[in-house]
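For reference, the structure discussed in these notes is given below.
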Amino acid sequence: MYRNLHPGDRRDPQQPRYELFEEDGRWFTRNASRTVVRSASGRYDFVTIEGEVYVERHGRRSTSLSRAVSHIDLARGRPVEYAGEVFFSGRHERGTLRKWNNASGHYQPWPSDRHHAGLPSCKYEDFDKP
C-alpha cells in the first residue's frame with residue numbers, strides 16, 4: 001500500500017470519479033451508480049483501491065478547488081495499491097488500452113509493484129521521474 005506523500009495538500013471530497021473496467025478486451029468507465037458511461041479514450045489519471053481502478057481525465061478541473069484533479073482526489077485521501085496514468089486509443093479504436101505508467105507525485109509507486117494496479121502488465125511503461 002502507498003500512502004499520500006503530501007498529506008498537507010487539500011483534496012476535493014466532492015470530486016466525481018469513474019470506475020475503469022475491462023469487458024471482452026475493451027475498457028470502459030462507469031460512474032458511481034455503475035452505469036456505463038462510455039468506452040475509454042485518451043489519457044486518464046488512475047488509482048487502484050481494494051482491487052478497483054478509479055479514473056478521471058488527466059487535467060480535468062476539480063469541482064471545488066481551482067486546480068486539476070489529482071490522485072489524492074481519486075483516492076479520497078486513502079492509501080492506494082497503485083497510482084499513475086493510463087492511455088487509451090481514440091476514434092475507431094476506443095477502449096483499447098495503449099499503455100500505462102506509475103506517474104504520481106502524491107503516491108510514487110515502485111515499478112516492481114505494478115502487478116497491484118489491476119491493469120495488464122504487458123502494457124506497462126515506467127515513468128521517468130525528474
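Ligands are numbered from 1 in the order shown, residues from 1 within each chain, and chains are lettered A, B, ... in the order they appear in the C-alpha cells.
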Set the distance at 8 Å and use only C-alpha atoms: which residues neighbour range 56-70 of chain A once local chain neighbours fewer than 3 positions away are removed? I'd like the list as a PDB file with all heavy atoms, in the first residue's frame.
```
ATOM      1  N   ASP A  12     -10.287  17.306  -2.895  1.00  0.00           N
ATOM      2  CA  ASP A  12     -11.677  17.643  -3.189  1.00  0.00           C
ATOM      3  C   ASP A  12     -12.555  16.433  -2.870  1.00  0.00           C
ATOM      4  O   ASP A  12     -12.619  15.487  -3.662  1.00  0.00           O
ATOM      5  CB  ASP A  12     -11.815  18.026  -4.661  1.00  0.00           C
ATOM      6  CG  ASP A  12     -13.213  18.463  -5.038  1.00  0.00           C
ATOM      7  OD1 ASP A  12     -14.133  18.304  -4.203  1.00  0.00           O
ATOM      8  OD2 ASP A  12     -13.394  18.961  -6.153  1.00  0.00           O
ATOM      9  N   GLN A  14     -15.671  16.103  -2.940  1.00  0.00           N
ATOM     10  CA  GLN A  14     -16.863  16.036  -3.781  1.00  0.00           C
ATOM     11  C   GLN A  14     -16.570  15.636  -5.216  1.00  0.00           C
ATOM     12  O   GLN A  14     -17.486  15.484  -6.020  1.00  0.00           O
ATOM     13  CB  GLN A  14     -17.576  17.399  -3.784  1.00  0.00           C
ATOM     14  CG  GLN A  14     -17.918  17.922  -2.404  1.00  0.00           C
ATOM     15  CD  GLN A  14     -18.801  16.971  -1.632  1.00  0.00           C
ATOM     16  OE1 GLN A  14     -19.742  16.413  -2.178  1.00  0.00           O
ATOM     17  NE2 GLN A  14     -18.487  16.754  -0.368  1.00  0.00           N
ATOM     18  N   GLN A  15     -15.293  15.470  -5.549  1.00  0.00           N
ATOM     19  CA  GLN A  15     -14.919  15.198  -6.931  1.00  0.00           C
ATOM     20  C   GLN A  15     -15.461  13.854  -7.396  1.00  0.00           C
ATOM     21  O   GLN A  15     -15.180  12.825  -6.793  1.00  0.00           O
ATOM     22  CB  GLN A  15     -13.392  15.205  -7.070  1.00  0.00           C
ATOM     23  CG  GLN A  15     -12.908  14.938  -8.472  1.00  0.00           C
ATOM     24  CD  GLN A  15     -13.378  15.986  -9.457  1.00  0.00           C
ATOM     25  OE1 GLN A  15     -13.364  17.179  -9.161  1.00  0.00           O
ATOM     26  NE2 GLN A  15     -13.812  15.562 -10.621  1.00  0.00           N
ATOM     27  N   ARG A  17     -15.627  10.468  -9.504  1.00  0.00           N
ATOM     28  CA  ARG A  17     -14.610   9.611 -10.084  1.00  0.00           C
ATOM     29  C   ARG A  17     -15.327   8.478 -10.807  1.00  0.00           C
ATOM     30  O   ARG A  17     -16.490   8.189 -10.548  1.00  0.00           O
ATOM     31  CB  ARG A  17     -13.646   9.076  -9.030  1.00  0.00           C
ATOM     32  CG  ARG A  17     -14.296   8.154  -8.033  1.00  0.00           C
ATOM     33  CD  ARG A  17     -13.329   7.702  -6.963  1.00  0.00           C
ATOM     34  NE  ARG A  17     -13.996   6.787  -6.051  1.00  0.00           N
ATOM     35  CZ  ARG A  17     -13.434   6.257  -4.995  1.00  0.00           C
ATOM     36  NH1 ARG A  17     -12.187   6.549  -4.693  1.00  0.00           N
ATOM     37  NH2 ARG A  17     -14.108   5.432  -4.233  1.00  0.00           N
ATOM     38  N   TYR A  18     -14.623   7.848 -11.712  1.00  0.00           N
ATOM     39  CA  TYR A  18     -15.199   6.797 -12.530  1.00  0.00           C
ATOM     40  C   TYR A  18     -14.436   5.500 -12.318  1.00  0.00           C
ATOM     41  O   TYR A  18     -13.222   5.513 -12.144  1.00  0.00           O
ATOM     42  CB  TYR A  18     -15.181   7.198 -14.003  1.00  0.00           C
ATOM     43  CG  TYR A  18     -15.992   8.439 -14.239  1.00  0.00           C
ATOM     44  CD1 TYR A  18     -15.407   9.692 -14.137  1.00  0.00           C
ATOM     45  CD2 TYR A  18     -17.348   8.361 -14.505  1.00  0.00           C
ATOM     46  CE1 TYR A  18     -16.166  10.848 -14.312  1.00  0.00           C
ATOM     47  CE2 TYR A  18     -18.111   9.506 -14.681  1.00  0.00           C
ATOM     48  CZ  TYR A  18     -17.511  10.738 -14.582  1.00  0.00           C
ATOM     49  OH  TYR A  18     -18.262  11.874 -14.739  1.00  0.00           O
ATOM     50  N   GLY A  42      -8.240   8.364 -24.692  1.00  0.00           N
ATOM     51  CA  GLY A  42      -7.406   9.455 -24.223  1.00  0.00           C
ATOM     52  C   GLY A  42      -6.595   9.096 -22.982  1.00  0.00           C
ATOM     53  O   GLY A  42      -6.324   7.933 -22.708  1.00  0.00           O
ATOM     54  N   ARG A  43      -6.256  10.121 -22.223  1.00  0.00           N
ATOM     55  CA  ARG A  43      -5.344   9.995 -21.075  1.00  0.00           C
ATOM     56  C   ARG A  43      -6.108  10.215 -19.775  1.00  0.00           C
ATOM     57  O   ARG A  43      -6.862  11.170 -19.649  1.00  0.00           O
ATOM     58  CB  ARG A  43      -4.250  11.050 -21.217  1.00  0.00           C
ATOM     59  CG  ARG A  43      -3.241  11.106 -20.122  1.00  0.00           C
ATOM     60  CD  ARG A  43      -2.246  12.203 -20.457  1.00  0.00           C
ATOM     61  NE  ARG A  43      -1.254  12.390 -19.446  1.00  0.00           N
ATOM     62  CZ  ARG A  43      -0.363  13.373 -19.472  1.00  0.00           C
ATOM     63  NH1 ARG A  43      -0.351  14.239 -20.471  1.00  0.00           N
ATOM     64  NH2 ARG A  43       0.521  13.482 -18.511  1.00  0.00           N
ATOM     65  N   TYR A  44      -5.877   9.334 -18.814  1.00  0.00           N
ATOM     66  CA  TYR A  44      -6.519   9.409 -17.506  1.00  0.00           C
ATOM     67  C   TYR A  44      -5.476   9.271 -16.398  1.00  0.00           C
ATOM     68  O   TYR A  44      -4.456   8.610 -16.570  1.00  0.00           O
ATOM     69  CB  TYR A  44      -7.500   8.244 -17.303  1.00  0.00           C
ATOM     70  CG  TYR A  44      -8.676   8.214 -18.219  1.00  0.00           C
ATOM     71  CD1 TYR A  44      -8.576   7.687 -19.493  1.00  0.00           C
ATOM     72  CD2 TYR A  44      -9.925   8.674 -17.805  1.00  0.00           C
ATOM     73  CE1 TYR A  44      -9.667   7.620 -20.347  1.00  0.00           C
ATOM     74  CE2 TYR A  44     -11.028   8.612 -18.643  1.00  0.00           C
ATOM     75  CZ  TYR A  44     -10.886   8.091 -19.907  1.00  0.00           C
ATOM     76  OH  TYR A  44     -11.970   8.024 -20.753  1.00  0.00           O
ATOM     77  N   ASP A  45      -5.767   9.861 -15.242  1.00  0.00           N
ATOM     78  CA  ASP A  45      -5.053   9.550 -14.009  1.00  0.00           C
ATOM     79  C   ASP A  45      -5.827   8.413 -13.362  1.00  0.00           C
ATOM     80  O   ASP A  45      -7.049   8.354 -13.470  1.00  0.00           O
ATOM     81  CB  ASP A  45      -5.027  10.756 -13.069  1.00  0.00           C
ATOM     82  CG  ASP A  45      -4.181  11.896 -13.609  1.00  0.00           C
ATOM     83  OD1 ASP A  45      -3.191  11.638 -14.318  1.00  0.00           O
ATOM     84  OD2 ASP A  45      -4.512  13.057 -13.314  1.00  0.00           O
ATOM     85  N   PHE A  46      -5.121   7.501 -12.678  1.00  0.00           N
ATOM     86  CA  PHE A  46      -5.819   6.390 -12.028  1.00  0.00           C
ATOM     87  C   PHE A  46      -5.233   6.092 -10.657  1.00  0.00           C
ATOM     88  O   PHE A  46      -4.074   6.383 -10.382  1.00  0.00           O
ATOM     89  CB  PHE A  46      -5.789   5.128 -12.900  1.00  0.00           C
ATOM     90  CG  PHE A  46      -4.518   4.331 -12.809  1.00  0.00           C
ATOM     91  CD1 PHE A  46      -4.374   3.330 -11.854  1.00  0.00           C
ATOM     92  CD2 PHE A  46      -3.461   4.569 -13.674  1.00  0.00           C
ATOM     93  CE1 PHE A  46      -3.193   2.593 -11.755  1.00  0.00           C
ATOM     94  CE2 PHE A  46      -2.285   3.839 -13.591  1.00  0.00           C
ATOM     95  CZ  PHE A  46      -2.149   2.853 -12.622  1.00  0.00           C
ATOM     96  N   ASP A  73      -7.456  13.173  -4.918  1.00  0.00           N
ATOM     97  CA  ASP A  73      -8.904  13.340  -5.065  1.00  0.00           C
ATOM     98  C   ASP A  73      -9.549  12.003  -5.432  1.00  0.00           C
ATOM     99  O   ASP A  73     -10.585  11.631  -4.881  1.00  0.00           O
ATOM    100  CB  ASP A  73      -9.234  14.378  -6.149  1.00  0.00           C
ATOM    101  CG  ASP A  73      -8.637  15.737  -5.845  1.00  0.00           C
ATOM    102  OD1 ASP A  73      -8.722  16.184  -4.687  1.00  0.00           O
ATOM    103  OD2 ASP A  73      -8.068  16.341  -6.775  1.00  0.00           O
ATOM    104  N   LEU A  74      -8.941  11.285  -6.361  1.00  0.00           N
ATOM    105  CA  LEU A  74      -9.471   9.982  -6.775  1.00  0.00           C
ATOM    106  C   LEU A  74      -9.449   8.988  -5.624  1.00  0.00           C
ATOM    107  O   LEU A  74     -10.349   8.166  -5.487  1.00  0.00           O
ATOM    108  CB  LEU A  74      -8.653   9.418  -7.943  1.00  0.00           C
ATOM    109  CG  LEU A  74      -8.738  10.171  -9.261  1.00  0.00           C
ATOM    110  CD1 LEU A  74      -7.774   9.567 -10.268  1.00  0.00           C
ATOM    111  CD2 LEU A  74     -10.151  10.142  -9.791  1.00  0.00           C
ATOM    112  N   GLU A  85      -0.855   6.915 -14.611  1.00  0.00           N
ATOM    113  CA  GLU A  85      -1.616   7.377 -15.770  1.00  0.00           C
ATOM    114  C   GLU A  85      -1.883   6.184 -16.672  1.00  0.00           C
ATOM    115  O   GLU A  85      -1.069   5.265 -16.751  1.00  0.00           O
ATOM    116  CB  GLU A  85      -0.816   8.398 -16.584  1.00  0.00           C
ATOM    117  CG  GLU A  85      -0.420   9.641 -15.826  1.00  0.00           C
ATOM    118  CD  GLU A  85       0.550  10.488 -16.633  1.00  0.00           C
ATOM    119  OE1 GLU A  85       1.452   9.925 -17.293  1.00  0.00           O
ATOM    120  OE2 GLU A  85       0.405  11.715 -16.593  1.00  0.00           O
TER     121      GLU A  85
END
```
Could you please write out, as a list in words, every residue of range 12-109 of chain A that DSSP assigns to helix (DSSP H, G or I)? His71, Ile72, Asp73, Leu74, Arg91, His92 and Glu93 of chain A
Write the residues you've just listed into a file as a compact mmCIF listing (two decimals), in the first residue's frame, and include N, CA, C and O atoms for each of them.
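The file below, again-v2.txt, is the result:
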```txt
# COMPACT_ATOMS: atom_id res chain seq x y z
N HIS A 71 -4.40 12.59 -7.97
CA HIS A 71 -4.56 11.24 -7.43
C HIS A 71 -5.17 11.24 -6.03
O HIS A 71 -5.93 10.33 -5.70
N ILE A 72 -4.88 12.25 -5.21
CA ILE A 72 -5.45 12.27 -3.85
C ILE A 72 -6.96 12.48 -3.89
O ILE A 72 -7.68 12.01 -3.02
N ASP A 73 -7.46 13.17 -4.92
CA ASP A 73 -8.90 13.34 -5.07
C ASP A 73 -9.55 12.00 -5.43
O ASP A 73 -10.58 11.63 -4.88
N LEU A 74 -8.94 11.28 -6.36
CA LEU A 74 -9.47 9.98 -6.78
C LEU A 74 -9.45 8.99 -5.62
O LEU A 74 -10.35 8.17 -5.49
N ARG A 91 -10.92 7.54 -31.45
CA ARG A 91 -11.63 7.36 -32.72
C ARG A 91 -12.19 5.97 -32.90
O ARG A 91 -13.02 5.54 -32.15
N HIS A 92 -11.69 5.21 -33.86
CA HIS A 92 -12.25 3.90 -34.19
C HIS A 92 -11.78 2.77 -33.29
O HIS A 92 -12.26 1.65 -33.41
N GLU A 93 -10.82 3.06 -32.40
CA GLU A 93 -10.29 2.03 -31.51
C GLU A 93 -10.52 2.38 -30.04
O GLU A 93 -9.74 2.00 -29.18
```
Taking 5 positions as the minimum chain separation for residues in the same chain, which residues sit within 6 Å of range 24-35 of chain A when counting only C-alpha atoms? Answer as a PDB file with N, CA, C and O atoms, in the first residue's frame.
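Generated file (out-v3.pdb):
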```
ATOM      1  N   TYR A  18     -14.623   7.848 -11.712  1.00  0.00           N
ATOM      2  CA  TYR A  18     -15.199   6.797 -12.530  1.00  0.00           C
ATOM      3  C   TYR A  18     -14.436   5.500 -12.318  1.00  0.00           C
ATOM      4  O   TYR A  18     -13.222   5.513 -12.144  1.00  0.00           O
ATOM      5  N   GLU A  19     -15.147   4.400 -12.349  1.00  0.00           N
ATOM      6  CA  GLU A  19     -14.515   3.099 -12.247  1.00  0.00           C
ATOM      7  C   GLU A  19     -14.131   2.650 -13.650  1.00  0.00           C
ATOM      8  O   GLU A  19     -14.908   2.792 -14.594  1.00  0.00           O
ATOM      9  N   ALA A  40     -13.421   3.914 -22.928  1.00  0.00           N
ATOM     10  CA  ALA A  40     -12.321   4.798 -22.552  1.00  0.00           C
ATOM     11  C   ALA A  40     -11.544   5.253 -23.788  1.00  0.00           C
ATOM     12  O   ALA A  40     -11.313   4.476 -24.709  1.00  0.00           O
ATOM     13  N   GLY A  95     -11.461   2.368 -26.283  1.00  0.00           N
ATOM     14  CA  GLY A  95     -11.467   1.243 -25.371  1.00  0.00           C
ATOM     15  C   GLY A  95     -10.242   0.355 -25.456  1.00  0.00           C
ATOM     16  O   GLY A  95     -10.112  -0.593 -24.690  1.00  0.00           O
ATOM     17  N   THR A  96      -9.316   0.647 -26.371  1.00  0.00           N
ATOM     18  CA  THR A  96      -8.084  -0.124 -26.496  1.00  0.00           C
ATOM     19  C   THR A  96      -7.012   0.498 -25.617  1.00  0.00           C
ATOM     20  O   THR A  96      -6.627   1.653 -25.833  1.00  0.00           O
TER      21      THR A  96
END
```
All residues 10 Å or closer to Glu52 in chain A, only C-alpha atoms, same chain fewer than 3 positions away omitted, as a ChimeraX atom specification: /A:19-21,47-49,55,81,117-118
Output C-alpha atoms for every residue in that selection, as a CSV table (one decimal), in the first residue's frame.
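Written output follows (part-v7.csv):
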```csv
chain,number,residue,atom,x,y,z
A,19,GLU,CA,-14.5,3.1,-12.2
A,20,LEU,CA,-12.4,1.6,-15.1
A,21,PHE,CA,-13.3,-1.9,-16.2
A,47,VAL,CA,-5.6,4.9,-8.5
A,48,THR,CA,-6.3,1.3,-7.5
A,49,ILE,CA,-8.0,0.8,-4.2
A,55,VAL,CA,-10.0,7.2,-13.1
A,81,GLU,CA,-2.4,-0.1,-4.1
A,117,ALA,CA,-2.5,-1.9,-10.4
A,118,GLY,CA,-5.2,-4.1,-11.9
```
Taking the DSSP secondary structure from the backbone, can you list the residues of range 10-43 of chain A that are strand (DSSP E or B), as a VMD selection string? chain A and resid 18 to 23 26 to 30 36 to 39 42 to 43
Which residues are close to Phe127 in chain A, i.e. within 6 Å by only C-alpha atoms, leaving aside same-chain residues fewer than 4 positions away? Reply as a ChimeraX atom specification. /A:101-103
Put those residues in a file: C-alpha atoms, as a PDB file, in the first residue's frame.
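This went into selection-v6.pdb:
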```pdb
ATOM      1  CA  ASN A 101       2.691   4.080 -16.070  1.00  0.00           C
ATOM      2  CA  ASN A 102       3.431   4.970 -12.455  1.00  0.00           C
ATOM      3  CA  ALA A 103       3.359   8.777 -12.815  1.00  0.00           C
TER       4      ALA A 103
END
```
Record the distance separating CA of Ser41 in chain A and CA of Asp113 in chain A, expressed in Å with one decimal.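 Spanning CA of Ser41 in chain A to CA of Asp113 in chain A is a straight-line distance of 25.0 Å.
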